[in-house]
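Visitor: Once you've had a glance at the structure underneath, I'll fire off some questions.
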Amino acid sequence: MTMTIALPQNAEATNTGAPKTKSPRRPQISTALPGPKGRIIIEADAQFVTPSYPRPSFKLVAERAQGVWVEDVDGNIFLDCNAGVAVCSTGHCHPEVVRAIQEQAEQLIHMCGTDYYYRHMPQLAQKLDEIVPVQRPTRTHFANSGTEAIETALKLAMHATGREKFIAFFNSFHGRTLGSLSLTSSKAAQRVGFKRQVLDVIHLPYPNEYRNPFSAEDCGDGGAAQGALNWIENRLFKTTTPPEEVAAIVVEPVQGEGGYVPAPKGFLNGLRRICDEHGIMLILDEVQSGMGRTGKMFASDHYGVKADIVCIAKGIASGLPLGVCVARADLMDWKPGAHASTFGGNPVCIASALKTIELLERDLVANSADVGAYLKAGLEKLMAKYDSIGDVRGMGMMIGVEFVQDRVTKKANPDLRDRVEIACFERGLILLGAGFNTIRWSPPLILTRENADVALEIFDAAINASV
């Protein structure tokens, strides 16, 4: 027998979605966290919602948001430096995005692009053809999420090459559906209980320059990047994984859930060479790193590398569910019925995406580069202050801060990371962990230097209170 829980309703029936007060300069915390209304919702969630969601130790119960500010159900206001896990690229409820969604919802919400035509799908596909790091001409398959985009890429690579093996990297995250889960290797909890992996995937270490996993012999004079490339060519190809059987190498230009680890110079270019030499597809997972997050439209733009297939989601539609798989047109030549999605390419989501890209190109990619560099410089100053910060890394507004017990041993300190994360939340700053001992900074790309100063001040206080 279950108990009915009376959930709190919206504070104001006429609320428009904006905070009740003018955009604050600082967070405003006025109750215990979570507050009384929040605790009721958390109780109902525990009763009726799946427990499989990997929620953090702190408990945010969001009610409304605008820009970089989030208000919880009890009226507490937070500075958001997570953006719904790198999703709200243009900030929460950007007025131009909201108008685009409203106008489209008044005209056409759904028609199923797998069976019928509407202008939105070719409009966005044509725009992606202009901006994605794939050799033109391209074609686009529309889905609803990052993991669906990855599933599309996997099927396409198998279809195009006639091969079945894949190469991926430890600490990667590509999704939790069974195909993409075969690639994912960031946490054991993501795999426990699901038996053998569905696809034939071999993993190797990602070239993390801070924690180089390769031997000096592997690296030669090329560092971690060369170590990874040699591992593929001199170990995998000569033992367990003949190159002529590999359909694709799947890689994140910046590992996301693995701890915000950027690929070292030369690595992606080396993968491109290996793929070209053996007829292997290069799949770039830009789900978290794309759409201006790193100070360029795509993280791979920093390296000058073009993929055969690119997967995009998260920030592409400012919070609406949309995933896309963009590939060379000559690869995406499969027949009708080979792969489709009822909801993928929803016209409302595409309207949001087109407006999002417009805003990114107008000034938000540039702002991500500028304010992101300012934020990173501030974090590096804190690294000089605290020996417990082992590394500050990243590009644009995709920055990782790794916590260690000391810089000599580099021994990970996940407990301190967790304490800092909670201390930030208690002070009104939303941050989220990534990897084993890293805090990710992935704020909305509208973040200002003034916002960054407030965030850095709170982060400093949280570390000081936690060490």
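Ordering of the structure tokens sets the chain letters (A, B, ...), residue numbers begin anew at 1 in every chain, and ligands are numbered from 1 in the order given.
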Residues of range 176-230 of chain A within 9 Å of range 149-153 of chain A: nearest atom pair and distance (Å, one decimal) for each, counting only C-alpha atoms, sorted by chain and number, as a Markdown table?

Guide:
| residue | atom | partner | partner_atom | distance |
| --- | --- | --- | --- | --- |
| A:Thr177 | CA | A:Glu151 | CA | 8.1 |
| A:Leu178 | CA | A:Glu151 | CA | 8.8 |
| A:Gly179 | CA | A:Glu151 | CA | 6.1 |
| A:Ser180 | CA | A:Glu151 | CA | 6.0 |

Visitor: Just N, CA and C atoms for this one: save the residues we selected as a PDB file, in the first residue's frame.

Guide:
ATOM      1  N   THR A 177      22.125   3.347 -23.046  1.00  0.00           N
ATOM      2  CA  THR A 177      21.411   2.312 -23.785  1.00  0.00           C
ATOM      3  C   THR A 177      22.417   1.233 -24.168  1.00  0.00           C
ATOM      4  N   LEU A 178      21.954   0.037 -24.479  1.00  0.00           N
ATOM      5  CA  LEU A 178      22.855  -1.108 -24.502  1.00  0.00           C
ATOM      6  C   LEU A 178      23.989  -1.010 -25.517  1.00  0.00           C
ATOM      7  N   GLY A 179      23.734  -0.421 -26.673  1.00  0.00           N
ATOM      8  CA  GLY A 179      24.814  -0.269 -27.638  1.00  0.00           C
ATOM      9  C   GLY A 179      25.854   0.720 -27.163  1.00  0.00           C
ATOM     10  N   SER A 180      25.410   1.906 -26.777  1.00  0.00           N
ATOM     11  CA  SER A 180      26.350   2.925 -26.306  1.00  0.00           C
ATOM     12  C   SER A 180      26.999   2.514 -24.993  1.00  0.00           C
TER      13      SER A 180
END

Visitor: Can you check which residues of range 196-393 of chain A DSSP gives as alpha helix (DSSP H) on the backbone and send them as a PyMOL selection string?

Guide: chain A and resi 216-219+223-230+267-278+347-359+365-385

Visitor: Deliver the residues from the most recent selection as a file, using C-alpha atoms, as a compact mmCIF listing (two decimals), in the first residue's frame.

Guide:
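Contents of out00.txt, freshly written:
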# COMPACT_ATOMS: atom_id res chain seq x y z
CA ALA A 216 57.95 5.99 -21.50
CA GLU A 217 58.58 3.43 -24.23
CA ASP A 218 55.03 3.83 -25.54
CA CYS A 219 55.21 7.61 -25.43
CA GLY A 223 53.83 12.24 -24.70
CA ALA A 224 50.50 10.68 -23.81
CA ALA A 225 49.09 11.27 -27.29
CA GLN A 226 51.81 9.15 -28.89
CA GLY A 227 51.44 6.56 -26.16
CA ALA A 228 47.78 6.04 -27.05
CA LEU A 229 48.46 5.88 -30.78
CA ASN A 230 51.26 3.37 -30.30
CA PHE A 267 46.05 12.67 -30.59
CA LEU A 268 42.93 13.28 -32.67
CA ASN A 269 45.04 13.95 -35.76
CA GLY A 270 46.80 10.64 -35.12
CA LEU A 271 43.48 8.83 -34.86
CA ARG A 272 42.44 10.44 -38.16
CA ARG A 273 45.61 9.08 -39.80
CA ILE A 274 45.06 5.59 -38.40
CA CYS A 275 41.45 5.55 -39.57
CA ASP A 276 42.37 6.73 -43.06
CA GLU A 277 45.07 4.07 -43.38
CA HIS A 278 42.74 1.21 -42.45
CA PRO A 347 9.69 20.74 -35.00
CA VAL A 348 9.55 22.52 -31.62
CA CYS A 349 12.96 21.14 -30.65
CA ILE A 350 14.40 22.10 -34.03
CA ALA A 351 13.03 25.64 -33.72
CA SER A 352 14.85 25.89 -30.41
CA ALA A 353 18.02 24.49 -31.98
CA LEU A 354 18.00 26.93 -34.89
CA LYS A 355 17.62 29.85 -32.50
CA THR A 356 20.30 28.40 -30.23
CA ILE A 357 22.80 28.19 -33.10
CA GLU A 358 21.93 31.74 -34.13
CA LEU A 359 22.70 32.99 -30.61
CA VAL A 365 30.80 31.14 -28.64
CA ALA A 366 33.04 34.18 -28.34
CA ASN A 367 31.80 34.80 -24.80
CA SER A 368 32.53 31.18 -23.91
CA ALA A 369 36.13 31.68 -25.03
CA ASP A 370 36.58 35.06 -23.33
CA VAL A 371 34.83 34.53 -19.99
CA GLY A 372 35.92 30.90 -19.96
CA ALA A 373 39.58 31.98 -20.09
CA TYR A 374 38.88 34.51 -17.33
CA LEU A 375 37.24 31.82 -15.18
CA LYS A 376 40.09 29.38 -15.79
CA ALA A 377 42.66 32.01 -14.80
CA GLY A 378 40.75 32.54 -11.55
CA LEU A 379 40.71 28.81 -10.88
CA GLU A 380 44.44 28.62 -11.54
CA LYS A 381 44.94 31.30 -8.86
CA LEU A 382 43.03 29.08 -6.44
CA MET A 383 45.23 26.18 -7.48
CA ALA A 384 48.25 28.25 -6.44
CA LYS A 385 46.52 28.84 -3.09

Visitor: Can you tell me which residues surround Val87 in chain A at a distance of at most 6 Å, considering only C-alpha atoms, apart from same-chain residues fewer than 3 positions away, and format the answer as a list of chain:residue names?

Guide: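 Skipping anything fewer than 3 positions along the chain leaves A:Ala83, A:Gly84, A:Lys314, A:Gly315, A:Gly319.
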
Visitor: Please indicate the distance in Å from CA of Ile399 in chain A to CA of Cys81 in chain A, rounded to one decimal place.

Guide: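 Separating CA of Ile399 in chain A from CA of Cys81 in chain A is a distance of 10.6 Å.
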
Visitor: Give me every strand (DSSP E or B) residue in range 63-143 of chain A, going by DSSP on the backbone, as a list in words.

Guide: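 Filtering range 63-143 of chain A down to strand (DSSP E or B) leaves Glu63, Arg64, Ala65, Gln66, Gly67, Trp69, Val70, Glu71, Asp72, Ile77, Phe78, Leu79, Asp80, His92, Val134, Thr138, Arg139, Thr140, His141, Phe142 and Ala143 of chain A.
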
Visitor: What would the file look like if the residues just selected were written as a PDB file, in the first residue's frame with N, CA and C atoms?

Guide:
ATOM      1  N   GLU A  63      12.532  25.079  -9.268  1.00  0.00           N
ATOM      2  CA  GLU A  63      11.175  25.543  -9.564  1.00  0.00           C
ATOM      3  C   GLU A  63      11.146  26.403 -10.825  1.00  0.00           C
ATOM      4  N   ARG A  64      12.078  27.319 -10.951  1.00  0.00           N
ATOM      5  CA  ARG A  64      12.143  28.182 -12.127  1.00  0.00           C
ATOM      6  C   ARG A  64      13.577  28.667 -12.296  1.00  0.00           C
ATOM      7  N   ALA A  65      13.886  29.173 -13.485  1.00  0.00           N
ATOM      8  CA  ALA A  65      15.241  29.640 -13.744  1.00  0.00           C
ATOM      9  C   ALA A  65      15.225  30.688 -14.845  1.00  0.00           C
ATOM     10  N   GLN A  66      16.220  31.567 -14.796  1.00  0.00           N
ATOM     11  CA  GLN A  66      16.377  32.600 -15.819  1.00  0.00           C
ATOM     12  C   GLN A  66      17.850  32.936 -15.927  1.00  0.00           C
ATOM     13  N   GLY A  67      18.390  32.879 -17.116  1.00  0.00           N
ATOM     14  CA  GLY A  67      19.791  33.219 -17.305  1.00  0.00           C
ATOM     15  C   GLY A  67      20.712  32.241 -16.595  1.00  0.00           C
ATOM     16  N   TRP A  69      20.623  32.038 -13.224  1.00  0.00           N
ATOM     17  CA  TRP A  69      20.053  31.930 -11.880  1.00  0.00           C
ATOM     18  C   TRP A  69      18.944  30.888 -11.830  1.00  0.00           C
ATOM     19  N   VAL A  70      18.975  30.064 -10.785  1.00  0.00           N
ATOM     20  CA  VAL A  70      17.976  29.020 -10.566  1.00  0.00           C
ATOM     21  C   VAL A  70      17.321  29.242  -9.219  1.00  0.00           C
ATOM     22  N   GLU A  71      16.017  29.217  -9.189  1.00  0.00           N
ATOM     23  CA  GLU A  71      15.272  29.352  -7.931  1.00  0.00           C
ATOM     24  C   GLU A  71      14.667  28.009  -7.563  1.00  0.00           C
ATOM     25  N   ASP A  72      14.835  27.586  -6.319  1.00  0.00           N
ATOM     26  CA  ASP A  72      14.240  26.313  -5.908  1.00  0.00           C
ATOM     27  C   ASP A  72      12.816  26.521  -5.430  1.00  0.00           C
ATOM     28  N   ILE A  77      17.777  31.131  -4.197  1.00  0.00           N
ATOM     29  CA  ILE A  77      18.283  31.452  -5.531  1.00  0.00           C
ATOM     30  C   ILE A  77      19.755  31.073  -5.624  1.00  0.00           C
ATOM     31  N   PHE A  78      20.093  30.314  -6.682  1.00  0.00           N
ATOM     32  CA  PHE A  78      21.430  29.769  -6.877  1.00  0.00           C
ATOM     33  C   PHE A  78      22.054  30.318  -8.154  1.00  0.00           C
ATOM     34  N   LEU A  79      23.365  30.484  -8.118  1.00  0.00           N
ATOM     35  CA  LEU A  79      24.142  30.779  -9.318  1.00  0.00           C
ATOM     36  C   LEU A  79      24.512  29.439  -9.961  1.00  0.00           C
ATOM     37  N   ASP A  80      24.080  29.250 -11.190  1.00  0.00           N
ATOM     38  CA  ASP A  80      24.222  27.953 -11.841  1.00  0.00           C
ATOM     39  C   ASP A  80      25.478  27.915 -12.711  1.00  0.00           C
ATOM     40  N   HIS A  92      19.254  29.735 -18.959  1.00  0.00           N
ATOM     41  CA  HIS A  92      17.903  29.246 -18.706  1.00  0.00           C
ATOM     42  C   HIS A  92      16.868  30.195 -19.295  1.00  0.00           C
ATOM     43  N   VAL A 134      32.838  17.778 -40.139  1.00  0.00           N
ATOM     44  CA  VAL A 134      32.758  16.616 -41.017  1.00  0.00           C
ATOM     45  C   VAL A 134      32.900  17.124 -42.450  1.00  0.00           C
ATOM     46  N   THR A 138      27.190  16.559 -46.094  1.00  0.00           N
ATOM     47  CA  THR A 138      26.795  15.697 -44.990  1.00  0.00           C
ATOM     48  C   THR A 138      25.299  15.400 -45.049  1.00  0.00           C
ATOM     49  N   ARG A 139      24.908  14.419 -44.262  1.00  0.00           N
ATOM     50  CA  ARG A 139      23.495  14.166 -44.004  1.00  0.00           C
ATOM     51  C   ARG A 139      23.320  14.009 -42.503  1.00  0.00           C
ATOM     52  N   THR A 140      22.110  14.257 -42.032  1.00  0.00           N
ATOM     53  CA  THR A 140      21.840  14.240 -40.592  1.00  0.00           C
ATOM     54  C   THR A 140      20.685  13.312 -40.266  1.00  0.00           C
ATOM     55  N   HIS A 141      20.878  12.511 -39.220  1.00  0.00           N
ATOM     56  CA  HIS A 141      19.794  11.717 -38.641  1.00  0.00           C
ATOM     57  C   HIS A 141      19.402  12.362 -37.322  1.00  0.00           C
ATOM     58  N   PHE A 142      18.110  12.513 -37.093  1.00  0.00           N
ATOM     59  CA  PHE A 142      17.602  13.194 -35.901  1.00  0.00           C
ATOM     60  C   PHE A 142      17.139  12.192 -34.854  1.00  0.00           C
ATOM     61  N   ALA A 143      17.537  12.445 -33.618  1.00  0.00           N
ATOM     62  CA  ALA A 143      17.144  11.612 -32.488  1.00  0.00           C
ATOM     63  C   ALA A 143      16.707  12.519 -31.338  1.00  0.00           C
TER      64      ALA A 143
END

Visitor: Between A:Gln135, A:Gln107, A:Ser186, A:Thr31, which is the closest to Val310 in chain A once you count only C-alpha atoms?

Guide: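 Of all the options, A:Gln135 lies closest to Val310 in chain A.
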
Visitor: Could you pull the residues within 7 Å of range 286-290 of chain A, counting only C-alpha atoms, minus those fewer than 5 positions along the same chain, as a PyMOL selection string?

Guide: chain A and resi 86+146+252+254+256+297-299+310-314

Visitor: Find the residues around Ser466 in chain A up to 8 Å (only C-alpha atoms counted), leave out those fewer than 6 positions away in its own chain, and share them as a ChimeraX atom specification.

Guide: /A:416,419-420,423

Visitor: Enumerate, in order of chain and increasing residue number, the residues of range 290-406 of chain A with an atom no farther than 6 Å from range 437-447 of chain A, each with its shortest atom pair and distance in Å to one decimal, counting only C-alpha atoms, as a Markdown table.

Guide:
| residue | atom | partner | partner_atom | distance |
| --- | --- | --- | --- | --- |
| A:Leu364 | CA | A:Leu445 | CA | 5.9 |
| A:Ser368 | CA | A:Leu445 | CA | 5.3 |
| A:Met397 | CA | A:Ser442 | CA | 5.5 |
| A:Met398 | CA | A:Ser442 | CA | 5.2 |
| A:Ile399 | CA | A:Trp441 | CA | 5.0 |
| A:Gly400 | CA | A:Arg440 | CA | 4.7 |
| A:Val401 | CA | A:Ile439 | CA | 5.2 |
| A:Glu402 | CA | A:Thr438 | CA | 4.2 |
| A:Phe403 | CA | A:Asn437 | CA | 5.7 |

Visitor: State, in Å with one decimal place, the distance from CA of Phe436 in chain A to CA of Asp460 in chain A.

Guide: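 That distance, rounded to one decimal, is 20.8 Å.
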
Visitor: I'd like to know which of A:Pro133, A:Gly433, A:Pro95, A:Gly292 is closest to Arg55 in chain A, using only C-alpha atoms.

Guide: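 For Arg55 in chain A, the nearest of the given residues is A:Gly433.
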
Visitor: Considering only C-alpha atoms, can you say which of A:Ala105, A:Pro262, A:Gln28, A:Val68 comes closest to Thr448 in chain A?

Guide: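 Selected residue with least distance to Thr448 in chain A: A:Val68.
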